[in-house]
Each structure stands twice: as C-alpha cells, then as structure tokens.
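A.B. asks: My structure is below; once you've seen it, I'll send some questions.
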Amino acid sequence: MKNVLLKKTGISLFLISIMVFFIGPIVWFFALAIRPPETAFQNPPSLFFKPTLDSLKYVFVSPGDSLPQLFNSILISFGTILINLPLSFFAAYALSRYAIRGKSAIMGWYLGLLMGPAVVFLIPYFILINNIGLSGTRLSIILVLQLVTIPFSIWLLKSFIDDLPVEIEEAAQIDGAGTLKILSAITLPLCRPGVIVTMMFAFVFAWNNVLFPIILANAESATIQIGVFSYFTSSGVQWGQIAACATAAMLLPMIIFLALDKFVVRGLTFGSVKG
Amino acid sequence: MIGPSFIFLFALTAYPLYFSIKNAFRYWNLQTSPIPLQYIGLDNFKNVFAYTPFFASLRNTLIISFGGLIIELSLGFIIALALSARLKYVNIVRALLIMPVTIAPVIVGFMFRFMYWDIVGLIPWLANTIHFPQPDAGYLGSPITVLPALMLPDIWQWTPFFALVLYAAILGVPHEIIEAAKVDGASPVRIVRSVILPTIKPVIVVVGLLQLMRLFNTFDLVYVLTNGGPGDYSRTLSFSLFREGLINFNIGVAAAMTIIILLILNVIVFAYSKLFMKGTKL
C-alpha cells in the first residue's frame, strides 16, 4: 500500500514538472502582453506586476492594425474550408467506398503534399500569382492553402467514412436511391461529426500557416500571424506588442483544440491513429 | 467523384514540378529578368554546391530531423507511460498538454526569442542561476549551441504530441495481456519492453515518419529565431531554398536545389519505409 502511494506521488511530481515545462512558457508569454514594459526583463524575473492594457490597446485599437489582420485571418481560414469541404468530401467518399486503381498511390501522393517541404511550392506559386495578377489578394492565399488542407481533409474524412457501415448505403441502393441521394440523405448526416472535426482542423491549419501569407500577402491582406512581425522593428523590439498580437493569434486554435478534445490525436495523425 | 479535387490538386502539384524541372536548367535571376534566360545545362546544380551553403544546410537539417525525432519520441513515450498510470486528474493534464501543439511555429519562435533574449531573458537568467555554461554570444549566437537552442522550441512544441498519441496507443493495449504478464511476475520495465512497445510499434513507426518529414522541413523557427546564423550554422535546407529563391531571387539555382532536396527526401522516406514499415499499413 505504501508502495502504491509512493509511486503515485512520484508520478504526480513528474507530471507537475512536465506541466510547468510545457505550459510555463505560454503563461509567461501571455503575461508579457499585459506587463508594464519595464518589468519584461527584470532580474530576477518579476512574477507579480500591475497589469496594463497598453500593449493590447496599442495593437488592436490604435495605432496598430492587428484588428483588420485578425479579420483577414478569419476570412482566409473560412474561405479555405469553404472550398475545401466539397472537394475533399466527395474525394474521401470515393476513396473510401470504391475500388479505384492506384488508390494507395493517390493516398501516398496526398501525404507527400501534406508533409513535403512547402517552400518547394512557394517559389513557383509566387511567380505564377504575380503573373496572373492575383498578387497580394486573399483569394491567392486561399487557393494555395488548398494544397495542404485538401490532402489533410481527405485523409481524415476517409478515416471517418471508413468507420461508417456500408450496409445502410447498400440497402438504400437496393431501394433505388442514386449516389447523390445516398450521399446527402445517409452518408453526410451520419458523418456529420467527422466533417465538423475535419473542418475545425483544416481551419486551424489555415490559421496557423505563415509560409504562404508571408510571401503572398501584402499590407492589406496580411494575417494576424504576419502582423506579429511588424512589431519587430529596426528601431527596437516591442515585446509587449508582439505578445499582445500573438495572444490573439494563439487563442482561437487553443479553443478549437479544447473543443476537439478526444479527436485531437486522430486529427493530428491524419486519421491513422484513432485515439 | 474524386475528379474535381484530383484535377485541382494535380494542377497545384504539376505546375511547381514543371516549373522547377524547366528552370533548373536555365539561367534566371528575377532581379535582372522577369523571364527565364538561356539554357545553361547543369550549371545551376553546380552552383548549388559551389555558392550556397548546401552541405552545411543538409548537415543541420539531418541533425535537427533525427535528433529532434529521437528526443521527442523518447520523452513523449516516458510522459505517455506516466499518463497511463491513470491518476485522477489525467484528463486535465491531457487537455493542457496539447496546448503547445496548437500554436503556430512562428509564434513559438517569438516566444522562445523572448525567453532567449540577450542576457536578460528567462533562459539566460535560469542558466546563470544554476551556473549552467553560457557562451558570450548567447545560446542562439554561438555556433556550438545554436542547433540545440533551435531544437529546444520544437522539442517543447511537439513532445506533447508524441505523449498524447502514444498515450492513446498504450490505452489500446489489451488489459488482459498486461495483467497476465504481471501475474507471471514480469517487472514493469519488462512489461514496457516486451508487451507495450511491440504492441504500439506500428503507431510509433507511422507518427515517427510524419514527424521526421515535418522536422526535415524546419523553416519557421529558423526564420524567427536565427535567420540561419551565426554564419550558416543554423541554416536548414528549407531556409536555404527560401533564401535562394525569395531573397536572392536566383530562381534557376533555387529550382535545381528543389530537385536535389526532393530527391534526398525521397531517399529518406524510402529507406525509412524499408527499414521500419515492412507490413505496416498507413
């Protein structure tokens, strides 16, 4: 009995130190957003201070322009999943249900797009988008983001559709229902949790992508993540403002992941590990 | 039904590939010409090795990829084992532990840049307090420490991912097998080695590959934390490619580099799947 207690205490202590290591930096950074600037680099670090909203005001009210950037981020991420959903749902359904030649090659190709070095794609797109006059537009970012979000959505959605019993669809087919009817009346409603989870992940993927907007966006279409860089000026690094802007960029993905809860493992492994 | 997405993705993939193959054999600097100039054979490939720090980037990339993978995997596994002791508050720990993963890598970069800051940030202060050796130029400024310093944010961000995935996998190990091993008098270490590890091996192999590829493409952290410096000591392949193509605008050289990087990546993935993935289905 004493042994069990000792073991439990040991594991608890280990987990507490793990939490300090992994959550501490986030808290430290959040605190930076509401710190008076003169306390940011005190030695020893000051844990207690009088909170101030100056940095947040500077970034979101005036003169900073992070509010429109936040709006851009929302617009681009929503635009991305709007195009993403219909394309990936049909493809995932087909890949789950039909015997398609070269299916594993296609899935492998998607995985390659998803995990490949995105910089490789960036240079040709940068030049192409300039040439067709889309440079700096939100649309260009939304289109390029499909390159990583569609393969992701297909992988994850396919794993959800694979889980649905095929018998219901077969019964409907015998009753004379067409493919579209089956999809809209049976598969989609049954698969609704999977679709919602997939789109939430795709949203975070788009939201957190910096590589594409950093090259494709201009001052008008910059996302909140790009906005963080603007407080890193040659005349000095405005740490409070960086943290204020970054806090806004971090909050939404955190909330979405909290809501996803049991699906986090599944989503992050593209459906290959069912947590 | 797969048609629309297939065609769309095919176009999105084929164009960059065609672009890279075509321009890898042409002279083209965007600053001097808006269109590719003359055919120059293999000169771009030679220039990749002669004028860009390609081998330094390759070395750094391999250290970051394999070093990061091994550290994150082992640390994550230990945390997963601790979680699987099923203490009461394990669900809160699980929910909080995922937080680093949700943050965009550039933001993680800024977080750590703040903590590394000069001699006054949290990390230099901690190091001073416990008398841990610290180079004069700071951890990010010294050639010896820059790679570990660059890997720390990634380890911080992605170890929880391994912890949670492996925890999920450990929960999937049938309880009867572990109980049977206990009855037979197997030690905890023996149970981990002979029961848990073999059962969750397929999961380790799959997520290992995903993370290896993600680490291989490390770009954001370099961009925010070190900009490749000091010298070339923290350049990665992705970062060098970015510099060549979008800062120096040497499109031809960048195209050649693209092809070399894709070849290396294919070799690694092929070797990995031959070594570890026999019979594993993704």
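Following the order of the structure tokens, first chain is A, next is B, and so on, with residues numbered from 1 inside each chain and ligands from 1 in the order they appear.
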If you run DSSP over the backbone, which residues in stretch 34-128 of chain B end up alpha helix (DSSP H)? Put them as an NGL selection string.
C.D. replies: :B and (43-51 or 54-62 or 68-83 or 90-97 or 99-102 or 105-116 or 122-128)
A.B. asks: Using only C-alpha atoms, determine which residues lie at most 10 Å from B:Gly172, disregarding the query and same-chain residues fewer than 6 positions distant; provide the list as a list in words.
C.D. replies: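 Residues near the query, excluding close chain neighbours: Lys274 and Gly275 of chain A; Leu166, Ile196, Thr199 and Ile200 of chain B.
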A.B. asks: Those residues you just picked out, can you put them in a file as a CSV table (one decimal), in the first residue's frame with C-alpha atoms?
C.D. replies:
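Writing the result to part.csv gives the following:
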```
chain,number,residue,atom,x,y,z
A,274,LYS,CA,-7.7,6.6,-33.6
A,275,GLY,CA,-7.3,8.0,-30.1
B,166,LEU,CA,1.5,7.2,-27.6
B,196,ILE,CA,3.7,-2.3,-24.6
B,199,THR,CA,2.1,-3.6,-29.5
B,200,ILE,CA,2.3,0.1,-30.2
```
A.B. asks: Within 7 Å of chain A, which residues of chain B are there when counting only C-alpha atoms? Please give them as a short mmCIF file (atom, residue, chain, number, x, y, z; two decimals) with N, CA, C and O atoms, in the first residue's frame.
C.D. replies:
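Final file, out13.cif:
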```
data_model
loop_
_atom_site.label_atom_id
_atom_site.label_comp_id
_atom_site.auth_asym_id
_atom_site.auth_seq_id
_atom_site.Cartn_x
_atom_site.Cartn_y
_atom_site.Cartn_z
N MET B 1 -16.14 11.09 -58.75
CA MET B 1 -16.32 11.98 -57.59
C MET B 1 -14.99 12.51 -57.09
O MET B 1 -14.92 13.60 -56.52
N ILE B 2 -13.96 11.71 -57.31
CA ILE B 2 -12.65 12.16 -56.86
C ILE B 2 -12.10 13.18 -57.86
O ILE B 2 -11.18 13.93 -57.57
N PRO B 4 -12.88 16.29 -59.32
CA PRO B 4 -12.58 17.72 -59.13
C PRO B 4 -11.38 17.96 -58.24
O PRO B 4 -10.47 18.73 -58.59
N SER B 5 -11.33 17.27 -57.10
CA SER B 5 -10.21 17.52 -56.19
C SER B 5 -8.92 17.00 -56.80
O SER B 5 -7.85 17.60 -56.65
N LEU B 9 -5.79 19.39 -57.37
CA LEU B 9 -4.52 19.12 -56.70
C LEU B 9 -3.43 18.78 -57.71
O LEU B 9 -2.27 19.13 -57.52
N LEU B 12 -2.17 21.94 -59.00
CA LEU B 12 -1.39 22.62 -57.96
C LEU B 12 -0.02 21.96 -57.76
O LEU B 12 0.92 22.60 -57.33
N PRO B 16 4.28 23.51 -60.07
CA PRO B 16 5.59 23.74 -59.45
C PRO B 16 6.66 22.75 -59.90
O PRO B 16 7.83 23.11 -60.07
N PHE B 19 7.68 23.71 -63.36
CA PHE B 19 8.43 24.95 -63.21
C PHE B 19 9.86 24.68 -62.75
O PHE B 19 10.82 25.21 -63.31
N ALA B 82 3.70 7.78 -17.92
CA ALA B 82 3.25 8.42 -16.67
C ALA B 82 1.75 8.69 -16.73
O ALA B 82 1.03 8.49 -15.75
N ALA B 95 -5.57 17.60 -21.60
CA ALA B 95 -6.13 18.75 -22.31
C ALA B 95 -5.13 19.91 -22.35
O ALA B 95 -5.00 20.59 -23.36
N LEU B 97 -1.83 19.64 -22.01
CA LEU B 97 -0.60 19.24 -22.67
C LEU B 97 -0.65 19.49 -24.18
O LEU B 97 0.39 19.66 -24.82
N MET B 99 -1.74 22.07 -25.63
CA MET B 99 -1.66 23.50 -25.95
C MET B 99 -0.45 23.90 -26.80
O MET B 99 -0.61 24.63 -27.78
N PRO B 100 0.78 23.42 -26.48
CA PRO B 100 1.90 23.82 -27.34
C PRO B 100 1.69 23.47 -28.82
O PRO B 100 2.07 24.23 -29.69
N THR B 102 -0.95 23.53 -30.53
CA THR B 102 -1.92 24.37 -31.24
C THR B 102 -1.31 25.68 -31.75
O THR B 102 -1.93 26.38 -32.53
N ILE B 103 -0.12 26.01 -31.25
CA ILE B 103 0.44 27.32 -31.56
C ILE B 103 1.21 27.28 -32.88
O ILE B 103 1.93 26.32 -33.15
N ALA B 104 1.06 28.31 -33.69
CA ALA B 104 1.80 28.37 -34.95
C ALA B 104 3.30 28.42 -34.65
O ALA B 104 3.72 29.13 -33.73
N ILE B 107 4.94 31.72 -33.92
CA ILE B 107 4.64 32.29 -32.60
C ILE B 107 5.51 31.61 -31.55
O ILE B 107 6.03 32.26 -30.64
N MET B 111 8.02 33.33 -28.94
CA MET B 111 8.01 33.01 -27.52
C MET B 111 9.41 32.71 -27.02
O MET B 111 9.85 33.19 -25.98
N VAL B 120 19.16 38.98 -20.51
CA VAL B 120 18.11 39.32 -19.56
C VAL B 120 16.87 38.43 -19.69
O VAL B 120 15.97 38.50 -18.86
N GLY B 121 16.82 37.58 -20.72
CA GLY B 121 15.65 36.71 -20.89
C GLY B 121 15.58 35.63 -19.83
O GLY B 121 16.51 35.46 -19.03
N TRP B 156 9.91 21.36 -27.36
CA TRP B 156 8.86 21.87 -26.47
C TRP B 156 7.50 21.74 -27.14
O TRP B 156 6.53 21.32 -26.52
N LEU B 164 0.72 12.35 -26.28
CA LEU B 164 -0.72 12.08 -26.38
C LEU B 164 -1.01 10.93 -27.34
O LEU B 164 -1.87 10.09 -27.07
N VAL B 165 -0.29 10.91 -28.46
CA VAL B 165 -0.53 9.82 -29.43
C VAL B 165 -0.13 8.48 -28.81
O VAL B 165 -0.88 7.50 -28.90
N ALA B 168 -2.59 7.38 -26.18
CA ALA B 168 -3.76 6.76 -26.81
C ALA B 168 -3.45 5.33 -27.24
O ALA B 168 -4.27 4.42 -27.06
N VAL B 203 2.14 2.26 -34.43
CA VAL B 203 1.82 3.67 -34.23
C VAL B 203 3.09 4.51 -34.19
O VAL B 203 3.19 5.56 -34.83
N VAL B 207 3.72 7.69 -36.79
CA VAL B 207 3.90 9.08 -36.35
C VAL B 207 5.36 9.49 -36.43
O VAL B 207 5.66 10.67 -36.65
N LEU B 210 5.79 10.83 -39.93
CA LEU B 210 5.15 12.14 -40.08
C LEU B 210 6.02 13.23 -39.45
O LEU B 210 6.23 14.30 -40.04
N MET B 213 9.38 13.94 -41.35
CA MET B 213 9.21 14.82 -42.51
C MET B 213 8.95 16.25 -42.09
O MET B 213 9.45 17.19 -42.69
N ARG B 214 8.17 16.44 -41.01
CA ARG B 214 7.89 17.80 -40.55
C ARG B 214 9.20 18.46 -40.09
O ARG B 214 9.46 19.62 -40.39
N ASN B 217 11.49 19.67 -42.84
CA ASN B 217 11.10 20.92 -43.49
C ASN B 217 11.23 22.14 -42.58
O ASN B 217 10.68 23.19 -42.90
N SER B 238 15.23 23.94 -46.10
CA SER B 238 14.09 24.78 -46.45
C SER B 238 14.45 26.25 -46.38
O SER B 238 14.05 27.04 -47.22
N PHE B 242 14.54 28.96 -49.41
CA PHE B 242 13.79 30.21 -49.30
C PHE B 242 14.69 31.40 -49.60
O PHE B 242 14.34 32.29 -50.37
N GLY B 245 15.67 31.49 -53.38
CA GLY B 245 14.60 31.81 -54.31
C GLY B 245 13.91 33.13 -54.03
O GLY B 245 13.62 33.89 -54.96
N LEU B 246 13.66 33.45 -52.77
CA LEU B 246 12.79 34.59 -52.49
C LEU B 246 13.49 35.78 -51.85
O LEU B 246 12.90 36.82 -51.66
N THR B 258 15.62 22.67 -55.37
CA THR B 258 14.35 21.99 -55.14
C THR B 258 14.43 20.53 -55.53
O THR B 258 14.04 19.64 -54.78
N LEU B 282 -0.34 2.23 -43.62
CA LEU B 282 -0.62 3.57 -43.17
C LEU B 282 -2.11 3.83 -43.21
O LEU B 282 -2.74 3.57 -44.21
#
```
A.B. asks: For stretch 49-66 of chain B, list every protein, DNA or RNA residue within 7 Å, evaluated using only C-alpha atoms, and leave out those in the same chain fewer than 6 positions away; present the list as a list in words.
C.D. replies: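 Contacts, with the query itself left out: Met151, Leu212, Leu215, Phe216, Asp232, Ser234, Arg235, Thr236, Leu237 and Ser240 of chain B.
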A.B. asks: Near A:Glu167, within 12 Å and counting only C-alpha atoms, which residues show up once chain neighbours fewer than 3 positions away are dropped, as a ChimeraX atom specification?
C.D. replies: /A:97,163-164,170-174,182,186-187
A.B. asks: Using atom CA of B:Pro105 and atom CA of A:Phe48 as the two end points, give the distance in Å to one decimal.
C.D. replies: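 These atoms are spaced 28.1 Å apart.
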A.B. asks: One decimal, Å: what's the distance from atom CA of A:Asn72 over to atom CA of A:Arg138, could you say?
C.D. replies: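 For atom CA of A:Asn72 relative to atom CA of A:Arg138, the distance reads 7.7 Å.
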A.B. asks: Quick one: everything within 12 Å of A:Asp65, counting only C-alpha atoms, minus sequence neighbours fewer than 2 positions away in the same chain. Send it as a list in words.
C.D. replies: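 With the cut-off at 12 Å, the set is Leu56, Lys57, Tyr58, Val59, Phe60, Val61, Ser62, Pro63, Leu67, Pro68, Gln69, Leu70, Phe71, Asn72, Ala219, Glu220, Ser221, Ala222, Thr223, Ile224, Ile226, Gly227, Val228, Ser230, Tyr231, Gln241 and Cys245 of chain A.
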